[in-house]
$ cat upload_3.pdb   # PDB, C-alpha atoms and all ligand atoms
ATOM      1  CA  MET A 967     -32.901 -22.549 -35.395
ATOM      2  CA  LEU A 968     -32.501 -23.260 -31.682
ATOM      3  CA  LEU A 969     -29.503 -25.271 -30.448
ATOM      4  CA  SER A 970     -30.201 -28.901 -29.698
ATOM      5  CA  LYS A 971     -29.898 -29.890 -26.053
ATOM      6  CA  LYS A 972     -26.602 -31.615 -26.730
ATOM      7  CA  ASN A 973     -25.115 -28.605 -28.531
ATOM      8  CA  ALA A 974     -26.296 -26.253 -25.803
ATOM      9  CA  ARG A 975     -24.501 -28.411 -23.248
ATOM     10  CA  VAL A 976     -21.291 -28.476 -25.312
ATOM     11  CA  PHE A 977     -21.565 -24.706 -25.760
ATOM     12  CA  PHE A 978     -22.062 -24.138 -22.035
ATOM     13  CA  PHE A 979     -19.282 -26.420 -20.746
ATOM     14  CA  GLY A 980     -16.904 -25.484 -23.563
ATOM     15  CA  GLY A 981     -17.381 -21.769 -22.857
ATOM     16  CA  THR A 982     -16.963 -22.263 -19.126
ATOM     17  CA  ILE A 983     -13.760 -24.264 -19.506
ATOM     18  CA  VAL A 984     -12.225 -21.875 -22.029
ATOM     19  CA  THR A 985     -12.930 -18.723 -19.985
ATOM     20  CA  PHE A 986     -11.741 -20.437 -16.800
ATOM     21  CA  ALA A 987      -8.495 -21.442 -18.516
ATOM     22  CA  VAL A 988      -7.998 -17.842 -19.719
ATOM     23  CA  PHE A 989      -8.614 -16.609 -16.168
ATOM     24  CA  ILE A 990      -6.001 -18.998 -14.719
ATOM     25  CA  VAL A 991      -3.388 -18.111 -17.354
ATOM     26  CA  MET A 992      -3.899 -14.366 -16.809
ATOM     27  CA  SER A 993      -3.730 -14.727 -13.013
ATOM     28  CA  VAL A 994      -0.467 -16.668 -13.194
ATOM     29  CA  GLN A 995       0.955 -14.112 -15.615
ATOM     30  CA  THR A 996       0.068 -11.268 -13.213
ATOM     31  CA  LEU A 997       1.585 -13.011 -10.195
ATOM     32  CA  VAL A 998       4.729 -14.285 -11.879
ATOM     33  CA  LYS A 999       5.498 -11.468 -14.324
ATOM     34  CA  GLU A1000       3.809  -8.214 -13.339
ATOM     35  CA  VAL A1001       3.836  -8.186  -9.535
ATOM     36  CA  PRO A1002       7.636  -8.610  -9.164
ATOM     37  CA  VAL A1003       8.208  -5.779 -11.681
ATOM     38  CA  LYS A1004       5.619  -3.365 -10.263
ATOM     39  CA  THR A1005       6.741  -3.923  -6.666
ATOM     40  CA  HIS A1006      10.480  -3.831  -7.506
ATOM     41  CA  GLU A1007      10.924  -7.172  -5.798
ATOM     42  CA  GLU A1008      14.695  -6.851  -6.168
ATOM     43  CA  ASN A1009      14.622  -4.038  -3.580
ATOM     44  CA  LEU A1010      13.113  -6.214  -0.834
ATOM     45  CA  SER A1011      16.073  -5.880   1.508
ATOM     46  CA  LYS A1012      16.432  -7.239   5.050
ATOM     47  CA  GLU A1013      15.597  -3.746   6.324
ATOM     48  CA  VAL A1014      12.354  -3.556   4.334
ATOM     49  CA  ILE A1015      11.284  -6.946   5.671
ATOM     50  CA  ALA A1016      12.181  -5.973   9.245
ATOM     51  CA  GLY A1017      10.123  -2.791   8.776
ATOM     52  CA  LYS A1018       7.142  -4.819   7.565
ATOM     53  CA  LYS A1019       7.399  -6.969  10.702
ATOM     54  CA  LEU A1020       7.459  -3.853  12.904
ATOM     55  CA  TRP A1021       4.423  -2.584  10.996
ATOM     56  CA  GLU A1022       2.548  -5.778  11.878
ATOM     57  CA  ALA A1023       3.826  -6.227  15.437
ATOM     58  CA  ASN A1024       2.853  -2.680  16.454
ATOM     59  CA  ASN A1025      -0.613  -2.602  14.914
ATOM     60  CA  CYS A1026       0.075   0.500  12.825
ATOM     61  CA  MET A1027      -2.907  -0.574  10.711
ATOM     62  CA  GLY A1028      -5.143  -0.008  13.720
ATOM     63  CA  CYS A1029      -4.966   3.705  12.847
ATOM     64  CA  HIS A1030      -3.254   4.050   9.426
ATOM     65  CA  THR A1031      -3.760   2.678   5.916
ATOM     66  CA  ILE A1032      -1.277   1.496   3.303
ATOM     67  CA  MET A1033      -2.701   1.140  -0.216
ATOM     68  CA  GLY A1034      -6.054   1.933   1.359
ATOM     69  CA  GLU A1035      -5.862  -1.086   3.741
ATOM     70  CA  GLY A1036      -6.270  -0.410   7.425
ATOM     71  CA  ALA A1037      -8.086   2.087   9.608
ATOM     72  CA  TYR A1038      -9.008   5.682   8.772
ATOM     73  CA  TYR A1039      -8.031   7.419  12.006
ATOM     74  CA  ALA A1040      -4.590   8.604  10.913
ATOM     75  CA  PRO A1041      -2.920   9.657   7.616
ATOM     76  CA  GLU A1042      -2.611   7.291   4.624
ATOM     77  CA  LEU A1043       1.044   6.193   4.563
ATOM     78  CA  THR A1044       1.586   4.746   1.058
ATOM     79  CA  LYS A1045       3.429   7.894  -0.051
ATOM     80  CA  VAL A1046       4.608   9.131   3.330
ATOM     81  CA  TYR A1047       8.282   8.768   2.377
ATOM     82  CA  GLU A1048       7.847  11.138  -0.558
ATOM     83  CA  ARG A1049       5.504  13.469   1.374
ATOM     84  CA  ARG A1050       7.447  13.878   4.613
ATOM     85  CA  GLY A1051      10.998  12.629   4.026
ATOM     86  CA  GLU A1052      13.214  10.579   6.327
ATOM     87  CA  GLY A1053      13.895  13.191   9.009
ATOM     88  CA  TYR A1054      10.245  13.875   9.705
ATOM     89  CA  ILE A1055       9.290  10.174   9.809
ATOM     90  CA  LYS A1056      12.186   9.422  12.147
ATOM     91  CA  ALA A1057      11.094  12.188  14.493
ATOM     92  CA  VAL A1058       7.530  10.797  14.553
ATOM     93  CA  LEU A1059       8.706   7.251  15.313
ATOM     94  CA  GLN A1060      11.296   8.185  17.907
ATOM     95  CA  SER A1061       9.259  10.745  19.764
ATOM     96  CA  SER A1062       8.937  10.049  23.476
ATOM     97  CA  VAL A1063       5.655  11.973  23.622
ATOM     98  CA  PRO A1064       2.693  11.232  21.307
ATOM     99  CA  TRP A1065       3.255  13.067  18.002
ATOM    100  CA  SER A1066       0.139  15.198  17.437
ATOM    101  CA  PRO A1067       0.680  18.577  15.753
ATOM    102  CA  ARG A1068      -2.770  18.255  14.133
ATOM    103  CA  GLY A1069      -4.724  17.154  17.187
ATOM    104  CA  ARG A1070      -5.015  13.367  16.932
ATOM    105  CA  LYS A1071      -2.418  11.361  18.758
ATOM    106  CA  MET A1072       0.150   9.004  17.284
ATOM    107  CA  VAL A1073       1.513   6.377  19.705
ATOM    108  CA  ALA A1074       4.871   7.374  21.264
ATOM    109  CA  TYR A1075       6.835   4.297  20.139
ATOM    110  CA  ASN A1076      10.230   5.608  21.123
ATOM    111  CA  PHE A1077      11.803   3.459  18.376
ATOM    112  CA  SER A1078      15.559   2.838  18.335
ATOM    113  CA  ASP A1079      17.624   4.137  15.384
ATOM    114  CA  ARG A1080      17.658   0.633  13.885
ATOM    115  CA  GLU A1081      13.874   0.230  14.177
ATOM    116  CA  ALA A1082      13.155   3.694  12.780
ATOM    117  CA  GLU A1083      15.483   3.062   9.817
ATOM    118  CA  ASP A1084      13.863  -0.319   9.072
ATOM    119  CA  MET A1085      10.429   1.308   9.190
ATOM    120  CA  ILE A1086      11.625   4.072   6.820
ATOM    121  CA  ALA A1087      13.101   1.458   4.427
ATOM    122  CA  PHE A1088       9.675  -0.216   4.399
ATOM    123  CA  PHE A1089       7.898   3.096   3.634
ATOM    124  CA  LYS A1090      10.399   3.880   0.865
ATOM    125  CA  TRP A1091       9.808   0.471  -0.726
ATOM    126  CA  ILE A1092       6.023   0.816  -0.434
ATOM    127  CA  GLY A1093       6.199   4.314  -1.936
ATOM    128  CA  GLU A1094       8.001   3.012  -5.048
ATOM    129  CA  ILE A1095       5.410   0.351  -5.929
ATOM    130  CA  ASP A1096       3.666   1.101  -9.222
ATOM    131  CA  LEU A1097       0.036   1.474  -8.123
ATOM    132  CA  ASN A1098      -1.388   2.916 -11.339
ATOM    133  CA  GLY A1099      -1.591   6.370  -9.790
ATOM    134  CA  PHE A1100      -2.963   5.476  -6.331
ATOM    135  CA  PRO A1101      -3.421   7.421  -4.153
ATOM    136  CA  PRO A1102      -4.662  10.160  -6.494
ATOM    137  CA  LYS A1103      -3.236  13.609  -5.970
ATOM    138  CA  PRO A1104      -5.997  16.004  -4.940
ATOM    139  CA  GLU A1105      -6.826  18.780  -7.394
ATOM    140  CA  TYR A1106      -6.681  22.041  -5.530
ATOM    141  CA  LYS A1107      -8.943  24.727  -6.898
ATOM    142  CA  ILE A1108      -7.208  28.054  -6.659
ATOM    143  CA  ASN A1109      -9.642  30.867  -6.033
ATOM    144  CA  LYS A1110      -8.379  33.689  -8.249
ATOM    145  CA  ASN A1111     -10.326  36.337  -6.317
ATOM    146  CA  THR A1112      -8.460  35.715  -3.064
ATOM    147  CA  LYS A1113      -5.005  35.620  -4.602
TER     148      LYS A1113
HETATM  149  C1  LIG A1201      -3.441   5.149  17.930
HETATM  150  C2  LIG A1201      -3.379   5.382  16.517
HETATM  151  C3  LIG A1201      -2.031   5.239  15.819
HETATM  152  C4  LIG A1201      -1.225   4.122  15.719
HETATM  153  C5  LIG A1201      -1.456   2.744  16.318
HETATM  154  C6  LIG A1201      -0.113   4.506  14.893
HETATM  155  N1  LIG A1201      -0.224   5.816  14.498
HETATM  156 FE1  LIG A1201       1.046   6.824  13.295
HETATM  157  N2  LIG A1201      -0.065   8.517  13.506
HETATM  158  C7  LIG A1201      -1.271   8.590  14.188
HETATM  159  C8  LIG A1201      -1.809   9.920  14.035
HETATM  160  C9  LIG A1201      -3.116  10.416  14.604
HETATM  161  C10 LIG A1201      -0.887  10.644  13.241
HETATM  162  C11 LIG A1201      -0.988  12.116  12.782
HETATM  163  C12 LIG A1201      -0.421  13.025  13.864
HETATM  164  C13 LIG A1201      -0.381  14.456  13.403
HETATM  165  O1  LIG A1201       0.194  14.722  12.339
HETATM  166  O2  LIG A1201      -0.907  15.295  14.134
HETATM  167  C14 LIG A1201       0.185   9.723  12.925
HETATM  168  C15 LIG A1201       1.276  10.069  12.125
HETATM  169  C16 LIG A1201       2.192   9.162  11.656
HETATM  170  C17 LIG A1201       3.205   9.461  10.659
HETATM  171  C18 LIG A1201       3.384  10.807   9.962
HETATM  172  C19 LIG A1201       2.361  10.855   8.836
HETATM  173  C20 LIG A1201       2.214  12.173   8.153
HETATM  174  O3  LIG A1201       1.801  12.178   6.975
HETATM  175  O4  LIG A1201       2.468  13.209   8.756
HETATM  176  C21 LIG A1201       3.908   8.298  10.443
HETATM  177  C22 LIG A1201       5.066   8.086   9.481
HETATM  178  C23 LIG A1201       3.325   7.286  11.291
HETATM  179  N3  LIG A1201       2.292   7.851  12.016
HETATM  180  C24 LIG A1201       3.754   5.980  11.343
HETATM  181  C25 LIG A1201       3.217   5.016  12.177
HETATM  182  C26 LIG A1201       3.769   3.698  12.332
HETATM  183  C27 LIG A1201       4.974   3.167  11.577
HETATM  184  C28 LIG A1201       2.998   3.043  13.242
HETATM  185  C29 LIG A1201       3.207   1.655  13.818
HETATM  186  C30 LIG A1201       4.560   1.368  14.307
HETATM  187  C31 LIG A1201       1.928   3.967  13.656
HETATM  188  N4  LIG A1201       2.115   5.144  12.992
HETATM  189  C32 LIG A1201       0.928   3.662  14.542
HETATM  190  C33 LIG A1201      -1.886   7.565  14.882
HETATM  191  C34 LIG A1201      -1.388   6.287  15.032
END
$ encode --input "upload_3.pdb" --output "structure tokens"
Amino acid sequence: MLLSKKNARVFFFGGTIVTFAVFIVMSVQTLVKEVPVKTHEENLSKEVIAGKKLWEANNCMGCHTIMGEGAYYAPELTKVYERRGEGYIKAVLQSSVPWSPRGRKMVAYNFSDREAEDMIAFFKWIGEIDLNGFPPKPEYKINKNTK
């Protein structure tokens, strides 16, 4: 038998309210419980925060991405700390000529030691966030014939 009009209304509003309540509870749980753990909130030092401010003030996102956010002109930097290490990153940031071993030009920021170290602290913190495997590691196919 079909639902009466009244029952259909109860069914509709009841279902909407219940699923909305579940959505709110799950969102709060993610923000309050999971995000601080996955981002290692306890490691948000003064240096990391200063690095984040440098990141914003210098428009690094105009060319780079972090967690896929930004522009696609220059390398993805989520895992740059692991990929390049401190010495390399410092050299890039303190270079007085545009860093460009692969052709495209990075801005010559000429950062001070303090600024470069803050930026590196920010990259280290970003690199340690649990991103469920992002960015994926490429699978290189080794051609056995050319070995
Ligand atoms: C005008 C575009 C542009 C802007 C703005 C820019 N970069 Fe770059 N950056 C590049 C390019 C292009 C490269 C790659 C150069 C190469 O390896 O030949 C690069 C390389 C780097 C690297 C080394 C990455 C790697 O995997 O080798 C780091 C670290 C970096 N940039 C950090 C920054 C930071 C921090 C900022 C902001 C303060 C910034 N960049 C702003 C273009 C830019």
$ closest_residue --input "upload_3.pdb" --among "A:Glu1035, A:Glu1008, A:Glu1013, A:Glu1081" --to "ligand LIG 1201 (chain A)" --atoms "all atoms listed in the file"
A:Glu1081
$ atom_distance --input "upload_3.pdb" --atom1 "CA of Tyr1106 in chain A" --atom2 "CA of Leu1043 in chain A"
20.3 Å
$ closest_residue --input "upload_3.pdb" --among "A:Ile990, A:Met1085, A:Leu1097, A:Ile983" --to "Lys1019 in chain A" --atoms "all atoms listed in the file"
A:Met1085
$ residues_near_ligand --input "upload_3.pdb" --ligand "ligand LIG 1201 (chain A)" --cutoff "8 Å" --atoms "all atoms listed in the file" --output "PyMOL selection string"
chain A and resi 1020-1030+1039-1043+1046-1047+1049-1050+1054-1056+1058-1059+1065-1073+1075+1085
$ resolve_selection --input "upload_3.pdb" --expression "the PyMOL selection byres (((chain A and resi 1080) around 12) and not hetatm)" --output "count of residues only"
20
$ residues_around --input "upload_3.pdb" --residues "Gly1093 in chain A" --least-positions-apart "2" --cutoff "6 Å" --atoms "only C-alpha atoms" --output "list in words"
Thr1044, Lys1045, Phe1089, Lys1090, Trp1091 and Ile1095 of chain A
